[in-house]
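Student: coords_10.cif is reproduced in full below (mmCIF, C-alpha atoms and all ligand atoms).
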data_final
#
loop_
_atom_site.group_PDB
_atom_site.id
_atom_site.type_symbol
_atom_site.label_atom_id
_atom_site.label_comp_id
_atom_site.auth_asym_id
_atom_site.auth_seq_id
_atom_site.Cartn_x
_atom_site.Cartn_y
_atom_site.Cartn_z
ATOM 1 C CA MET Z 775 -10.767 26.457 4.749
ATOM 2 C CA THR Z 776 -13.363 24.216 3.173
ATOM 3 C CA ASP Z 777 -16.795 22.866 3.879
ATOM 4 C CA LEU Z 778 -15.731 19.428 2.637
ATOM 5 C CA PRO Z 779 -15.222 16.881 5.400
ATOM 6 C CA PRO Z 780 -11.692 15.589 6.020
ATOM 7 C CA ILE Z 781 -10.704 13.160 3.265
ATOM 8 C CA PRO Z 782 -9.979 9.574 4.315
ATOM 9 C CA LEU Z 783 -6.317 8.804 3.659
ATOM 10 C CA ARG Z 784 -4.405 5.532 4.035
ATOM 11 C CA ARG Z 785 -0.694 5.363 4.516
ATOM 12 C CA LEU Z 786 0.332 2.312 2.518
ATOM 13 C CA ASP Z 787 3.896 3.040 3.549
ATOM 14 C CA PRO Z 788 3.718 3.964 7.253
ATOM 15 C CA GLU Z 789 7.262 5.313 7.311
ATOM 16 C CA LEU Z 790 6.336 8.131 4.961
ATOM 17 C CA PRO Z 791 4.603 11.161 6.498
ATOM 18 C CA VAL Z 792 0.958 12.075 6.029
ATOM 19 C CA PRO Z 793 0.983 14.726 3.265
ATOM 20 C CA THR Z 794 0.719 18.217 4.711
ATOM 21 C CA ARG Z 795 0.678 21.812 3.567
ATOM 22 C CA ALA Z 796 4.031 23.561 3.846
ATOM 23 C CA HIS Z 797 2.147 26.697 5.000
ATOM 24 C CA PRO Z 798 -1.443 27.280 6.106
ATOM 25 C CA GLY Z 799 -3.477 28.270 3.064
ATOM 26 C CA ASP Z 800 -1.209 26.545 0.544
ATOM 27 C CA ALA Z 801 -3.275 25.009 -2.235
ATOM 28 C CA GLY Z 802 -1.498 21.677 -2.312
ATOM 29 C CA VAL Z 803 -0.140 19.081 0.070
ATOM 30 C CA ASP Z 804 3.274 17.722 -0.779
ATOM 31 C CA LEU Z 805 3.681 14.134 -1.947
ATOM 32 C CA CYS Z 806 6.826 12.107 -1.253
ATOM 33 C CA THR Z 807 8.505 9.487 -3.389
ATOM 34 C CA SER Z 808 8.493 6.052 -1.759
ATOM 35 C CA VAL Z 809 11.603 5.022 -3.688
ATOM 36 C CA ASP Z 810 15.080 6.271 -4.519
ATOM 37 C CA VAL Z 811 15.317 7.145 -8.177
ATOM 38 C CA THR Z 812 17.841 8.823 -10.455
ATOM 39 C CA LEU Z 813 16.487 10.409 -13.611
ATOM 40 C CA GLY Z 814 19.004 11.067 -16.336
ATOM 41 C CA PRO Z 815 18.479 13.960 -18.766
ATOM 42 C CA GLY Z 816 15.122 13.475 -20.483
ATOM 43 C CA GLU Z 817 14.269 10.362 -18.436
ATOM 44 C CA ARG Z 818 10.987 9.685 -16.722
ATOM 45 C CA ALA Z 819 9.816 7.293 -14.004
ATOM 46 C CA LEU Z 820 6.556 6.385 -12.321
ATOM 47 C CA VAL Z 821 7.078 6.571 -8.563
ATOM 48 C CA GLY Z 822 4.826 5.617 -5.676
ATOM 49 C CA THR Z 823 3.843 8.047 -2.944
ATOM 50 C CA GLY Z 824 2.733 5.500 -0.350
ATOM 51 C CA ILE Z 825 -0.699 7.032 0.040
ATOM 52 C CA ALA Z 826 -4.250 6.306 -1.100
ATOM 53 C CA VAL Z 827 -7.288 8.544 -0.621
ATOM 54 C CA ALA Z 828 -11.069 8.370 -0.899
ATOM 55 C CA LEU Z 829 -12.044 11.637 -2.580
ATOM 56 C CA PRO Z 830 -15.721 12.596 -2.435
ATOM 57 C CA VAL Z 831 -17.675 12.350 -5.699
ATOM 58 C CA GLY Z 832 -17.674 15.821 -7.247
ATOM 59 C CA THR Z 833 -14.013 16.417 -6.445
ATOM 60 C CA VAL Z 834 -10.788 15.555 -8.242
ATOM 61 C CA GLY Z 835 -7.204 15.261 -7.099
ATOM 62 C CA LEU Z 836 -4.701 17.071 -9.306
ATOM 63 C CA ILE Z 837 -1.010 16.251 -9.153
ATOM 64 C CA HIS Z 838 1.095 19.274 -9.943
ATOM 65 C CA PRO Z 839 4.860 19.693 -10.157
ATOM 66 C CA ARG Z 840 6.707 21.623 -7.445
ATOM 67 C CA SER Z 841 7.964 24.885 -8.889
ATOM 68 C CA GLY Z 842 11.255 24.856 -6.963
ATOM 69 C CA LEU Z 843 12.279 21.462 -8.328
ATOM 70 C CA ALA Z 844 11.101 22.511 -11.790
ATOM 71 C CA ALA Z 845 13.114 25.741 -11.801
ATOM 72 C CA LYS Z 846 16.216 24.289 -10.159
ATOM 73 C CA PHE Z 847 16.463 20.844 -11.746
ATOM 74 C CA GLY Z 848 13.941 20.740 -14.609
ATOM 75 C CA LEU Z 849 11.891 18.147 -12.699
ATOM 76 C CA SER Z 850 8.235 18.009 -13.676
ATOM 77 C CA VAL Z 851 5.254 15.693 -13.998
ATOM 78 C CA VAL Z 852 4.789 14.157 -17.456
ATOM 79 C CA ASN Z 853 0.992 14.318 -17.380
ATOM 80 C CA ALA Z 854 0.749 17.517 -15.343
ATOM 81 C CA PRO Z 855 -1.635 17.841 -13.765
ATOM 82 C CA GLY Z 856 -2.221 14.148 -13.096
ATOM 83 C CA THR Z 857 -5.869 13.306 -12.492
ATOM 84 C CA VAL Z 858 -6.882 11.304 -9.417
ATOM 85 C CA ASP Z 859 -10.514 10.261 -9.889
ATOM 86 C CA ALA Z 860 -12.886 10.306 -6.941
ATOM 87 C CA GLY Z 861 -13.407 6.559 -7.246
ATOM 88 C CA TYR Z 862 -9.706 5.690 -7.270
ATOM 89 C CA ARG Z 863 -8.529 3.811 -4.197
ATOM 90 C CA GLY Z 864 -5.105 2.673 -5.338
ATOM 91 C CA GLU Z 865 -1.750 4.187 -4.464
ATOM 92 C CA ILE Z 866 -1.271 7.673 -5.867
ATOM 93 C CA LYS Z 867 1.673 7.579 -8.237
ATOM 94 C CA VAL Z 868 3.566 10.363 -9.916
ATOM 95 C CA CYS Z 869 5.033 10.171 -13.413
ATOM 96 C CA LEU Z 870 8.142 12.311 -13.020
ATOM 97 C CA ILE Z 871 10.299 13.641 -15.834
ATOM 98 C CA ASN Z 872 13.685 15.292 -15.885
ATOM 99 C CA HIS Z 873 13.528 18.014 -18.534
ATOM 100 C CA ASP Z 874 17.152 19.032 -17.999
ATOM 101 C CA THR Z 875 19.264 18.251 -21.055
ATOM 102 C CA GLU Z 876 22.540 17.770 -19.164
ATOM 103 C CA ARG Z 877 22.160 16.926 -15.477
ATOM 104 C CA ALA Z 878 20.614 13.930 -13.743
ATOM 105 C CA VAL Z 879 18.160 14.465 -10.865
ATOM 106 C CA GLU Z 880 18.686 12.283 -7.811
ATOM 107 C CA LEU Z 881 15.665 11.683 -5.613
ATOM 108 C CA ARG Z 882 15.713 9.900 -2.290
ATOM 109 C CA ARG Z 883 12.829 8.058 -0.646
ATOM 110 C CA GLY Z 884 10.888 10.637 1.386
ATOM 111 C CA ASP Z 885 11.784 13.579 -0.845
ATOM 112 C CA ARG Z 886 8.783 15.798 -1.571
ATOM 113 C CA ILE Z 887 8.448 15.525 -5.331
ATOM 114 C CA ALA Z 888 5.019 16.859 -6.297
ATOM 115 C CA GLN Z 889 1.858 18.297 -4.789
ATOM 116 C CA LEU Z 890 -1.738 17.145 -4.614
ATOM 117 C CA LEU Z 891 -4.567 19.658 -4.963
ATOM 118 C CA VAL Z 892 -8.198 18.721 -4.400
ATOM 119 C CA GLN Z 893 -10.774 20.665 -6.374
ATOM 120 C CA ARG Z 894 -14.478 20.467 -7.012
ATOM 121 C CA VAL Z 895 -15.474 19.406 -10.516
ATOM 122 C CA GLU Z 896 -18.710 19.675 -12.455
ATOM 123 C CA LEU Z 897 -19.904 16.221 -13.497
ATOM 124 C CA VAL Z 898 -21.667 17.535 -16.575
ATOM 125 C CA GLU Z 899 -23.467 15.646 -19.264
ATOM 126 C CA PHE Z 900 -23.124 16.370 -22.978
ATOM 127 C CA ASP Z 901 -25.953 17.140 -25.370
ATOM 128 C CA GLU Z 902 -25.154 16.462 -29.039
ATOM 129 C CA VAL Z 903 -26.327 19.285 -31.354
ATOM 130 C CA ASP Z 904 -25.890 20.128 -35.082
ATOM 131 C CA GLU Z 905 -24.685 23.708 -34.555
ATOM 132 C CA LEU Z 906 -22.967 25.599 -31.744
ATOM 133 C CA ASP Z 907 -23.718 29.249 -30.901
ATOM 134 C CA ASP Z 908 -21.564 32.046 -32.376
ATOM 135 C CA THR Z 909 -18.891 33.621 -30.187
ATOM 136 C CA ALA Z 910 -16.228 36.319 -30.622
ATOM 137 C CA ARG Z 911 -13.502 33.666 -30.603
ATOM 138 C CA GLY Z 912 -15.246 31.231 -32.872
ATOM 139 C CA SER Z 913 -12.850 28.467 -33.859
ATOM 140 C CA GLY Z 914 -9.696 30.576 -33.349
ATOM 141 C CA GLY Z 915 -7.128 29.046 -31.040
ATOM 142 C CA TYR Z 916 -3.530 27.934 -30.818
ATOM 143 C CA GLY Z 917 -2.087 31.456 -30.823
ATOM 144 C CA SER Z 918 -4.761 33.065 -33.017
ATOM 145 C CA SER Z 919 -4.693 36.186 -30.831
ATOM 146 C CA GLY Z 920 -0.983 36.767 -31.550
ATOM 147 C CA GLY Z 921 1.298 38.263 -28.889
ATOM 148 C CA HIS Z 922 4.509 36.737 -30.221
ATOM 149 C CA ALA Z 923 6.355 37.213 -33.518
ATOM 150 C CA GLY Z 924 6.117 33.471 -34.158
ATOM 151 C CA LEU Z 925 2.352 33.483 -33.903
ATOM 152 C CA VAL Z 926 1.389 34.667 -37.366
ATOM 153 C CA LYS Z 927 -2.254 35.621 -37.709
ATOM 154 C CA GLU Z 928 -4.191 33.495 -40.157
ATOM 155 C CA GLY Z 929 -4.605 35.229 -43.532
ATOM 156 C CA SER Z 930 -1.704 37.682 -42.940
HETATM 157 O O1 LIG L 1 -0.713 11.171 -12.021
HETATM 158 C C1 LIG L 1 -1.555 10.295 -11.788
HETATM 159 C C2 LIG L 1 -2.637 10.074 -12.640
HETATM 160 C C3 LIG L 1 -3.508 9.056 -12.333
HETATM 161 N N1 LIG L 1 -3.339 8.288 -11.216
HETATM 162 C C4 LIG L 1 -4.307 7.246 -10.875
HETATM 163 C C5 LIG L 1 -5.573 7.857 -10.307
HETATM 164 C C6 LIG L 1 -6.504 7.908 -11.467
HETATM 165 O O2 LIG L 1 -7.845 7.865 -11.035
HETATM 166 C C7 LIG L 1 -6.084 6.683 -12.245
HETATM 167 C C8 LIG L 1 -6.385 6.744 -13.702
HETATM 168 O O3 LIG L 1 -5.827 7.912 -14.226
HETATM 169 P P1 LIG L 1 -6.204 8.440 -15.681
HETATM 170 O O4 LIG L 1 -7.675 8.384 -15.870
HETATM 171 O O5 LIG L 1 -5.488 9.715 -15.901
HETATM 172 O O6 LIG L 1 -5.471 7.341 -16.551
HETATM 173 P P2 LIG L 1 -5.894 6.517 -17.811
HETATM 174 O O7 LIG L 1 -4.643 6.280 -18.545
HETATM 175 O O8 LIG L 1 -7.025 7.160 -18.555
HETATM 176 O O9 LIG L 1 -6.312 5.162 -17.112
HETATM 177 P P3 LIG L 1 -7.733 4.499 -16.862
HETATM 178 O O10 LIG L 1 -8.037 3.809 -18.151
HETATM 179 O O11 LIG L 1 -7.478 3.555 -15.725
HETATM 180 O O12 LIG L 1 -8.698 5.592 -16.503
HETATM 181 O O13 LIG L 1 -4.672 6.563 -12.052
HETATM 182 C C9 LIG L 1 -2.289 8.519 -10.355
HETATM 183 O O14 LIG L 1 -2.112 7.858 -9.334
HETATM 184 N N2 LIG L 1 -1.421 9.508 -10.668
#
Would you mind writing the structure in this file as structure tokens?
Tutor:
Amino acid sequence: MTDLPPIPLRRLDPELPVPTRAHPGDAGVDLCTSVDVTLGPGERALVGTGIAVALPVGTVGLIHPRSGLAAKFGLSVVNAPGTVDAGYRGEIKVCLINHDTERAVELRRGDRIAQLLVQRVELVEFDEVDELDDTARGSGGYGSSGGHAGLVKEGS
């Protein structure tokens, strides 16, 4: 359910299906690879999906991995989530990576390899200042709150 109008989509590869949700209410629509590809352990490849879209300004397309392929084969997206800018009209591509250390992943043309989510984004401007306001977190990050034996608190 959205108040955005339907997003224009071109099938650059008419034999591949229009991306759809696996179930009503799913956040993403599945993207297919337009090519056969075998990824050895640790290998990556940029694959086409055969589709191009015209996203409205104020939205972004995010390319996420599919959790089933990630859990079962170690397949992910190198730059997850990939960013599809509203002004982009080229073919959506997915930079896949096989994180498994032993087994190759074989993908066939038409396999659903990733998912595309469309979200609204704030197109903010930035205002350079000399000082930022104080907060409880301050400049703490990168595990500063602990929660794991390997995350040693600064100063301890
Ligand atoms: O997973 C992705 C990521 C990006 N793109 C396309 C759409 C996006 O609008 C464009 C540029 O992506 P990004 O800004 O992430 O790449 P860049 O390396 O900064 O390239 P550029 O200099 O063209 O912005 O490439 C994809 O098809 N798939």
Student: Convert the output of the PyMOL selection byres (((not hetatm)) within 8 of (chain L and resi 1)) on the shown file into explicit residues, formatted as a ChimeraX atom specification.
Tutor: /Z:836-837,851,853-869
Student: Given the point (-1.6, 1.8, 6.0) in the coordinates of this file, which residues lie within 9 Å, counting all atoms listed in the file, and how would they look as a ChimeraX atom specification?
Tutor: /Z:783-788,824-826
Student: CA of Asp810 in chain Z and CA of Pro782 in chain Z, how far apart in Å?
Tutor: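 For CA of Pro782 in chain Z relative to CA of Asp810 in chain Z, the distance reads 26.8 Å.
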Student: Residues at most 12 Å from Glu896 in chain Z, counting all atoms listed in the file, excluding those fewer than 6 positions away in the same chain, as a list of chain:residue names?
Tutor: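 So, after excluding close chain neighbours, the residues are Z:Val831, Z:Gly832, Z:Thr833, Z:Val834.
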Student: Write out as a PyMOL selection string which residues come within 7 Å of Val811 in chain Z when counting all atoms listed in the file, dropping same-chain ones fewer than 4 positions away.
Tutor: chain Z and resi 880-882
Student: Enter the distance from CA of Thr823 in chain Z to CA of Thr794 in chain Z, in Å, rounded to one decimal.
Tutor: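 Taking CA of Thr823 in chain Z as the start and CA of Thr794 in chain Z as the end point, the length is 13.1 Å.
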Student: Rounded to one decimal in Å, what is the spacing between CA of Ile871 in chain Z and CA of Gly921 in chain Z?
Tutor: 29.3 Å
Student: Nearest to Gly842 in chain Z among Z:Gly814, Z:Arg886, Z:Ala878, Z:Thr807, with distances taken over only C-alpha atoms: which residue is it?
Tutor: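 Result for the nearest residue to Gly842 in chain Z: Z:Arg886.
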